[in-house]
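As stored in my_file-v7.cif (mmCIF, C-alpha atoms):
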data_input
#
loop_
_atom_site.label_atom_id
_atom_site.label_comp_id
_atom_site.auth_asym_id
_atom_site.auth_seq_id
_atom_site.Cartn_x
_atom_site.Cartn_y
_atom_site.Cartn_z
CA MET A 12 9.97 59.11 29.75
CA PRO A 13 12.73 56.81 28.42
CA ILE A 14 13.41 56.99 24.73
CA LEU A 15 12.82 53.64 23.02
CA PRO A 16 15.26 52.64 20.30
CA LEU A 17 13.93 52.92 16.79
CA ILE A 18 13.38 49.50 15.20
CA THR A 19 13.75 49.89 11.48
CA THR A 20 12.36 47.55 8.83
CA SER A 21 15.80 46.09 8.21
CA ARG A 22 16.28 45.54 11.94
CA ARG A 23 12.92 43.78 12.18
CA ARG A 24 13.95 41.51 9.31
CA ALA A 25 17.24 40.71 11.00
CA LEU A 26 15.48 39.90 14.29
CA ALA A 27 12.98 37.68 12.49
CA GLN A 28 15.75 35.82 10.68
CA GLY A 29 17.60 35.34 13.95
CA ALA A 30 14.49 33.95 15.63
CA ALA A 31 13.97 31.55 12.73
CA ALA A 32 17.56 30.36 13.00
CA LEU A 33 17.18 29.76 16.76
CA ALA A 34 13.96 27.84 16.14
CA ALA A 35 15.73 25.69 13.56
CA LEU A 36 18.51 24.91 16.02
CA ALA A 37 15.89 23.92 18.57
CA ALA A 38 14.36 21.49 16.04
CA PRO A 39 17.22 20.04 13.96
CA GLY A 40 14.90 17.99 11.78
CA LEU A 41 13.44 21.19 10.36
CA VAL A 42 16.68 23.00 9.55
CA LEU A 43 16.99 22.11 5.91
CA ALA A 44 13.30 22.61 5.25
CA GLN A 45 13.39 26.11 6.72
CA LEU A 46 16.46 27.00 4.73
CA GLY A 47 14.65 26.10 1.54
CA ASP A 48 16.47 22.84 0.75
CA LYS A 49 15.41 20.90 -2.34
CA PRO A 50 12.24 18.91 -1.60
CA LEU A 51 12.00 15.14 -1.77
CA ARG A 52 9.60 14.25 -4.58
CA ILE A 53 7.59 11.09 -3.95
CA ILE A 54 5.94 9.59 -7.03
CA LEU A 55 2.85 7.59 -6.15
CA PRO A 56 1.75 5.52 -9.17
CA LEU A 57 -1.72 5.16 -7.65
CA SER A 58 -4.76 7.40 -7.44
CA THR A 59 -5.60 9.91 -4.74
CA GLY A 60 -7.63 8.20 -2.04
CA SER A 61 -6.05 4.78 -2.49
CA GLY A 62 -4.73 2.93 0.54
CA ALA A 63 -1.11 3.69 -0.34
CA ASP A 64 -1.96 7.35 -0.94
CA GLY A 65 -3.57 7.69 2.48
CA ALA A 66 -0.68 5.91 4.17
CA ILE A 67 2.15 8.01 2.71
CA ARG A 68 0.25 11.26 3.25
CA ALA A 69 -0.37 10.27 6.87
CA ILE A 70 3.37 10.05 7.55
CA SER A 71 4.63 12.74 5.15
CA ASN A 72 5.00 15.48 7.79
CA SER A 73 6.99 13.17 10.06
CA LEU A 74 9.13 12.07 7.11
CA ALA A 75 9.88 15.72 6.27
CA LYS A 76 10.98 16.32 9.85
CA ALA A 77 13.11 13.19 9.92
CA LEU A 78 14.84 14.00 6.62
CA GLY A 79 15.09 17.72 7.24
CA GLN A 80 13.58 18.62 3.87
CA PRO A 81 10.13 19.25 2.42
CA VAL A 82 8.23 16.29 0.98
CA VAL A 83 6.10 16.64 -2.16
CA ILE A 84 3.76 13.79 -3.16
CA GLU A 85 2.78 13.47 -6.81
CA ASN A 86 0.05 11.03 -7.88
CA LEU A 87 0.67 9.55 -11.33
CA PRO A 88 -1.90 6.74 -11.65
CA GLY A 89 -2.56 4.63 -14.72
CA ALA A 90 -2.17 1.08 -16.07
CA GLY A 91 -2.05 -0.49 -12.63
CA GLY A 92 0.89 1.64 -11.54
CA ILE A 93 2.98 1.32 -14.70
CA THR A 94 2.57 4.96 -15.77
CA GLY A 95 3.95 6.45 -12.58
CA THR A 96 6.65 3.83 -12.10
CA THR A 97 7.93 4.51 -15.62
CA GLN A 98 8.52 8.12 -14.55
CA LEU A 99 10.20 6.95 -11.36
CA VAL A 100 12.76 4.68 -13.01
CA ARG A 101 13.70 7.53 -15.38
CA ALA A 102 14.07 10.06 -12.56
CA PRO A 103 17.43 11.42 -11.29
CA LYS A 104 19.37 8.82 -9.30
CA ASP A 105 20.50 11.28 -6.64
CA GLY A 106 17.95 10.66 -3.90
CA SER A 107 15.76 13.61 -4.88
CA VAL A 108 12.99 11.40 -6.30
CA ILE A 109 11.58 8.19 -4.84
CA GLY A 110 8.34 6.27 -5.21
CA VAL A 111 5.87 4.35 -3.08
CA VAL A 112 4.59 1.17 -4.73
CA SER A 113 2.21 -1.61 -3.72
CA ASN A 114 1.75 -5.31 -4.53
CA ASN A 115 0.86 -4.39 -8.10
CA HIS A 116 4.51 -3.58 -8.73
CA VAL A 117 5.37 -7.29 -8.62
CA VAL A 118 2.04 -8.45 -10.09
CA ASN A 119 2.19 -6.37 -13.28
CA PRO A 120 5.05 -8.27 -14.99
CA SER A 121 2.85 -11.37 -15.00
CA VAL A 122 -0.32 -9.55 -16.02
CA TYR A 123 0.78 -7.08 -18.71
CA LYS A 124 2.55 -8.18 -21.88
CA ASN A 125 4.77 -5.13 -22.27
CA ILE A 126 6.21 -3.06 -19.41
CA PRO A 127 8.91 -0.44 -20.17
CA PHE A 128 11.02 -1.33 -17.12
CA ASP A 129 12.16 -4.26 -15.01
CA SER A 130 10.27 -4.36 -11.71
CA ILE A 131 13.37 -5.52 -9.82
CA GLU A 132 16.46 -4.41 -11.75
CA ASP A 133 15.29 -0.85 -12.47
CA ILE A 134 14.48 0.06 -8.87
CA THR A 135 16.28 0.00 -5.53
CA PRO A 136 14.00 -0.88 -2.60
CA ILE A 137 14.42 1.44 0.39
CA THR A 138 12.03 -0.28 2.81
CA ILE A 139 8.79 -2.22 3.02
CA ILE A 140 6.87 0.42 4.97
CA GLY A 141 3.98 -1.69 6.15
CA ALA A 142 1.25 -4.17 5.26
CA THR A 143 -2.50 -4.33 5.72
CA PRO A 144 -4.64 -7.48 5.91
CA PHE A 145 -7.50 -8.44 3.64
CA VAL A 146 -10.73 -10.22 4.49
CA LEU A 147 -12.99 -12.45 2.42
CA VAL A 148 -16.48 -11.00 2.83
CA ALA A 149 -19.95 -11.95 1.67
CA ASN A 150 -23.30 -10.31 1.43
CA PRO A 151 -25.28 -11.53 4.49
CA ALA A 152 -27.89 -13.07 2.17
CA LEU A 153 -25.38 -15.72 1.11
CA PRO A 154 -26.06 -18.90 3.13
CA ALA A 155 -22.47 -19.41 4.26
CA LYS A 156 -21.12 -18.22 7.59
CA ASN A 157 -17.48 -19.23 7.18
CA VAL A 158 -14.96 -20.50 4.63
CA ARG A 159 -15.80 -24.18 5.08
CA GLU A 160 -19.50 -23.51 4.50
CA LEU A 161 -18.68 -21.37 1.46
CA ILE A 162 -16.54 -24.13 -0.06
CA ALA A 163 -19.32 -26.67 0.49
CA LEU A 164 -21.91 -24.33 -1.04
CA ALA A 165 -19.75 -23.53 -4.08
CA LYS A 166 -19.03 -27.20 -4.74
CA ALA A 167 -22.73 -28.02 -4.49
CA LYS A 168 -23.55 -25.24 -6.99
CA PRO A 169 -20.63 -24.99 -9.47
CA GLY A 170 -20.71 -21.89 -11.67
CA VAL A 171 -23.58 -20.29 -9.72
CA LEU A 172 -21.73 -18.08 -7.21
CA ASN A 173 -19.77 -14.95 -8.15
CA TYR A 174 -17.07 -12.77 -6.64
CA GLY A 175 -16.15 -9.18 -7.42
CA SER A 176 -12.78 -7.47 -7.52
CA SER A 177 -11.38 -3.97 -7.83
CA GLY A 178 -10.30 -4.80 -11.41
CA ASN A 179 -8.55 -7.44 -13.49
CA GLY A 180 -5.06 -8.17 -12.20
CA THR A 181 -5.38 -6.14 -9.01
CA ILE A 182 -4.27 -7.63 -5.73
CA LEU A 183 -7.91 -7.94 -4.62
CA HIS A 184 -8.64 -9.94 -7.78
CA LEU A 185 -5.65 -12.18 -7.14
CA GLY A 186 -6.59 -12.59 -3.48
CA ALA A 187 -9.98 -14.00 -4.46
CA ALA A 188 -8.60 -15.96 -7.42
CA MET A 189 -5.99 -17.56 -5.16
CA PHE A 190 -8.78 -18.67 -2.80
CA VAL A 191 -10.84 -20.09 -5.68
CA ASP A 192 -7.80 -21.92 -7.06
CA GLN A 193 -6.68 -23.41 -3.74
CA ALA A 194 -10.21 -24.53 -2.87
CA GLN A 195 -10.74 -25.82 -6.46
CA LEU A 196 -14.01 -23.99 -6.93
CA ASP A 197 -16.01 -22.82 -9.95
CA ILE A 198 -16.97 -19.22 -9.09
CA LYS A 199 -17.45 -16.42 -11.63
CA HIS A 200 -15.33 -13.26 -11.50
CA ILE A 201 -16.90 -9.79 -11.93
CA PRO A 202 -14.30 -6.99 -12.21
CA TYR A 203 -15.09 -3.46 -11.00
CA ARG A 204 -13.27 -0.16 -11.40
CA GLY A 205 -11.88 0.27 -7.90
CA MET A 206 -12.64 -0.88 -4.39
CA GLY A 207 -15.42 1.67 -3.79
CA PRO A 208 -17.81 0.31 -6.48
CA LEU A 209 -16.91 -3.25 -5.44
CA MET A 210 -17.83 -2.60 -1.80
CA ASN A 211 -21.08 -0.89 -2.80
CA ASP A 212 -22.22 -3.85 -4.87
CA ILE A 213 -21.31 -6.46 -2.24
CA LEU A 214 -23.31 -4.42 0.28
CA GLY A 215 -26.18 -4.14 -2.22
CA GLY A 216 -26.15 -7.82 -3.11
CA GLN A 217 -25.32 -7.32 -6.79
CA VAL A 218 -22.22 -9.45 -6.20
CA GLN A 219 -21.96 -12.11 -3.51
CA LEU A 220 -18.31 -12.24 -2.48
CA GLY A 221 -15.07 -10.31 -2.54
CA VAL A 222 -11.66 -9.93 -0.94
CA VAL A 223 -11.33 -6.39 0.46
CA ALA A 224 -9.08 -4.46 2.83
CA VAL A 225 -9.94 -4.91 6.49
CA ALA A 226 -9.87 -1.22 7.47
CA PRO A 227 -12.77 0.02 5.26
CA ALA A 228 -14.75 -3.19 5.76
CA ALA A 229 -14.51 -3.43 9.57
CA ALA A 230 -17.40 -1.05 10.33
CA HIS A 231 -19.71 -2.88 7.90
CA ILE A 232 -18.73 -6.22 9.42
CA LYS A 233 -19.47 -5.00 12.94
CA ALA A 234 -22.78 -3.53 11.77
CA GLY A 235 -23.76 -6.84 10.15
CA THR A 236 -24.11 -5.42 6.64
CA LEU A 237 -21.11 -7.53 5.53
CA ARG A 238 -20.24 -11.02 6.71
CA ALA A 239 -16.56 -11.77 7.30
CA LEU A 240 -15.74 -15.35 6.27
CA GLY A 241 -11.99 -15.32 6.86
CA VAL A 242 -8.98 -13.02 7.03
CA SER A 243 -6.17 -13.37 4.52
CA THR A 244 -3.14 -13.25 6.79
CA ALA A 245 -1.33 -16.12 8.50
CA THR A 246 -2.56 -14.98 11.92
CA ARG A 247 -5.80 -13.38 13.08
CA VAL A 248 -6.29 -9.63 12.86
CA PRO A 249 -6.56 -7.63 16.12
CA SER A 250 -9.45 -5.53 14.79
CA LEU A 251 -11.42 -8.70 13.92
CA PRO A 252 -10.31 -11.15 16.64
CA ASP A 253 -13.29 -13.48 16.23
CA VAL A 254 -12.80 -13.95 12.48
CA PRO A 255 -10.62 -16.99 11.75
CA THR A 256 -7.98 -16.96 9.05
CA ILE A 257 -8.63 -18.60 5.70
CA ALA A 258 -5.60 -20.79 6.41
CA GLU A 259 -7.07 -22.25 9.59
CA GLN A 260 -10.29 -23.11 7.76
CA GLY A 261 -8.86 -25.71 5.44
CA LEU A 262 -6.46 -23.81 3.13
CA PRO A 263 -3.19 -23.88 5.12
CA SER A 264 -1.02 -22.29 2.42
CA TYR A 265 -3.26 -19.25 1.93
CA ALA A 266 -1.56 -16.01 3.05
CA LEU A 267 -1.79 -12.55 1.55
CA ASP A 268 -1.60 -8.91 2.62
CA GLY A 269 -1.43 -5.54 0.95
CA TRP A 270 2.05 -4.10 1.38
CA ILE A 271 3.52 -0.75 0.40
CA ALA A 272 7.20 -0.06 -0.20
CA ALA A 273 9.40 2.98 -0.69
CA VAL A 274 11.69 2.54 -3.70
CA ALA A 275 14.26 4.63 -5.55
CA PRO A 276 15.55 4.48 -9.14
CA ALA A 277 18.28 1.88 -9.63
CA GLY A 278 21.77 3.31 -9.23
CA ILE A 279 21.07 5.57 -6.25
CA PRO A 280 24.28 6.12 -4.20
CA LYS A 281 24.57 3.94 -1.09
CA ALA A 282 24.85 7.00 1.13
CA GLU A 283 21.55 8.37 -0.20
CA LEU A 284 19.88 4.97 0.17
CA ALA A 285 20.98 4.83 3.81
CA ARG A 286 19.83 8.41 4.40
CA LEU A 287 16.37 7.69 3.00
CA TYR A 288 15.98 4.41 4.91
CA ASN A 289 16.97 6.14 8.15
CA GLY A 290 14.50 8.90 7.31
CA PHE A 291 11.60 6.43 7.16
CA LYS A 292 12.89 4.65 10.25
CA ASN A 293 13.10 7.88 12.25
CA ALA A 294 9.76 9.13 10.94
CA LEU A 295 7.97 5.99 12.07
CA ALA A 296 9.61 6.26 15.47
CA MET A 297 7.45 9.36 15.95
CA PRO A 298 4.17 8.48 17.71
CA GLU A 299 2.06 10.64 15.41
CA ALA A 300 3.29 8.79 12.32
CA ARG A 301 3.04 5.32 13.85
CA ASP A 302 -0.45 6.01 15.19
CA ALA A 303 -1.63 7.41 11.84
CA LEU A 304 -0.39 4.36 9.94
CA VAL A 305 -1.82 1.88 12.44
CA ALA A 306 -5.16 3.74 12.35
CA GLN A 307 -5.30 3.02 8.62
CA GLY A 308 -4.95 -0.69 9.27
CA TYR A 309 -1.22 -1.10 8.59
CA GLU A 310 1.27 -3.20 10.48
CA ILE A 311 4.60 -1.38 10.36
CA LYS A 312 7.42 -3.42 8.78
CA LEU A 313 10.40 -1.10 8.05
CA THR A 314 12.58 -3.80 6.53
CA ALA A 315 16.15 -2.83 5.57
CA PRO A 316 16.98 -2.29 1.86
CA GLU A 317 18.61 -5.71 1.37
CA ALA A 318 15.75 -7.56 3.05
CA SER A 319 13.24 -5.49 1.07
CA THR A 320 14.91 -6.52 -2.20
CA ALA A 321 14.77 -10.20 -1.24
CA PHE A 322 11.12 -9.87 -0.24
CA MET A 323 10.14 -8.24 -3.54
CA ARG A 324 11.96 -10.91 -5.53
CA SER A 325 10.11 -13.66 -3.67
CA GLU A 326 6.77 -11.87 -4.12
CA LEU A 327 7.45 -11.49 -7.86
CA ALA A 328 7.85 -15.27 -8.19
CA ARG A 329 4.88 -16.04 -5.95
CA MET A 330 2.52 -13.67 -7.76
CA ALA A 331 3.61 -15.06 -11.14
CA GLN A 332 2.34 -18.46 -10.01
CA VAL A 333 -0.92 -16.99 -8.69
CA VAL A 334 -1.51 -15.14 -11.98
CA LYS A 335 -0.77 -18.30 -13.95
CA ASN A 336 -3.19 -20.36 -11.87
CA ALA A 337 -5.88 -17.68 -12.16
CA HIS A 338 -5.38 -17.35 -15.94
CA VAL A 339 -5.22 -13.54 -15.71
CA THR A 340 -3.95 -11.73 -18.82
CA MET A 341 -4.17 -8.16 -20.09
CA ASP A 342 -2.96 -6.40 -23.21
#
Write out the structure in this file as structure tokens.
Amino acid sequence: MPILPLITTSRRRALAQGAAALAALAAPGLVLAQLGDKPLRIILPLSTGSGADGAIRAISNSLAKALGQPVVIENLPGAGGITGTTQLVRAPKDGSVIGVVSNNHVVNPSVYKNIPFDSIEDITPITIIGATPFVLVANPALPAKNVRELIALAKAKPGVLNYGSSGNGTILHLGAAMFVDQAQLDIKHIPYRGMGPLMNDILGGQVQLGVVAVAPAAAHIKAGTLRALGVSTATRVPSLPDVPTIAEQGLPSYALDGWIAAVAPAGIPKAELARLYNGFKNALAMPEARDALVAQGYEIKLTAPEASTAFMRSELARMAQVVKNAHVTMD
């Protein structure tokens, strides 16, 4: 009988390490993660379960592979995103900490009196990751089947109808307020604490109208428990092809979506900014990441840093006008 060589504990460890090294070489995107490189910390100034939270978690594994380092997501909600963003702008400017923000980032300066940072100057946009459409919905008991009928009904009964929102100053509030302002209607606003309670009360008939994200509303619309009056974007939404836009129903300047953006603290080195942008770009080239984001109702944007900065500046000005017209203020 041949004598087998003795494999000692140290030899087993060496073989295991060698196998790990070969596996890393076979998958270059994992090399740094397997060697224990410093993780990328992503501050999310929104709560767990929010649309932005679901989106970034859906692509986090692909992002880790693309960057070659672990990704750690930290939810720091509060004050419409101000709490977490304050931590972000004070974070190291070396590319080790970034954030993912939503529309509220450019809405807050017009809504809150005191914010401890500048929403444009204290951050460096990496990319607008994607955007999701909204839809104006009604409880089926409301005798209006589209936007034109709703406008006629509201003008015939000023001060009688009401709309709900996910809270004062949120993008869903502003989406409805922008509609009311452009149509010159008298409709009461009822703020809720989040989209979940808002949806429940529209379904239950406690509130008649609301602007909500398409993805969570689509099943209710198809089941007939919610009525879609119009989508918020400039073009129709593939998941609701028979629902016309609000713009094509008499309000041609109405356009709104819910975008999310990756941002870094101001002062990040250009090389790190490029590395992070390429990381998102490469991550969303992976089918699993693209499919996951699209499944959550997002259209992938991936704008370059310079274009992202210009977009956020324009949105800051636009939302300031919407807030002014809607007379939204908070302490």
Quick one: apply the PyMOL selection byres ((chain A and resi 200-214) around 10) to the file and drop the selected residues here as number ranges by chain.
A: 61, 148-152, 172-181, 183-184, 187-188, 197-199, 215-224, 227-228, 231, 236-238
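Between CA of Gly89 (chain A) and CA of Ile54 (chain A) the interatomic distance comes to 12.5 Å.
Residues with any atom within 7 Å of region 320-326 of chain A, counting all atoms listed in the file and excluding same-chain neighbours fewer than 4 positions away, are Val117, Pro136, Pro316 and Met330 of chain A.
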How would you write, as a compact mmCIF listing (two decimals) with C-alpha atoms, in the frame of the given file, the residues chosen by the PyMOL selection byres ((chain A and resi 56) around 12) on this structure?
# COMPACT_ATOMS: atom_id res chain seq x y z
CA ILE A 53 7.59 11.09 -3.95
CA ILE A 54 5.94 9.59 -7.03
CA LEU A 55 2.85 7.59 -6.15
CA LEU A 57 -1.72 5.16 -7.65
CA SER A 58 -4.76 7.40 -7.44
CA THR A 59 -5.60 9.91 -4.74
CA SER A 61 -6.05 4.78 -2.49
CA GLY A 62 -4.73 2.93 0.54
CA ALA A 63 -1.11 3.69 -0.34
CA ASP A 64 -1.96 7.35 -0.94
CA ILE A 84 3.76 13.79 -3.16
CA GLU A 85 2.78 13.47 -6.81
CA ASN A 86 0.05 11.03 -7.88
CA LEU A 87 0.67 9.55 -11.33
CA PRO A 88 -1.90 6.74 -11.65
CA GLY A 89 -2.56 4.63 -14.72
CA ALA A 90 -2.17 1.08 -16.07
CA GLY A 91 -2.05 -0.49 -12.63
CA GLY A 92 0.89 1.64 -11.54
CA ILE A 93 2.98 1.32 -14.70
CA THR A 94 2.57 4.96 -15.77
CA GLY A 95 3.95 6.45 -12.58
CA THR A 96 6.65 3.83 -12.10
CA THR A 97 7.93 4.51 -15.62
CA GLN A 98 8.52 8.12 -14.55
CA LEU A 99 10.20 6.95 -11.36
CA VAL A 100 12.76 4.68 -13.01
CA ILE A 109 11.58 8.19 -4.84
CA GLY A 110 8.34 6.27 -5.21
CA VAL A 111 5.87 4.35 -3.08
CA VAL A 112 4.59 1.17 -4.73
CA SER A 113 2.21 -1.61 -3.72
CA ASN A 114 1.75 -5.31 -4.53
CA ASN A 115 0.86 -4.39 -8.10
CA HIS A 116 4.51 -3.58 -8.73
CA ILE A 271 3.52 -0.75 0.40
CA ALA A 272 7.20 -0.06 -0.20
CA ALA A 273 9.40 2.98 -0.69
CA VAL A 274 11.69 2.54 -3.70
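Proximity to Phe190 (chain A) was assessed for A:Thr138, A:Ser121, A:Asn336, A:Ser250 counting only C-alpha atoms; the smallest distance is recorded for A:Asn336.
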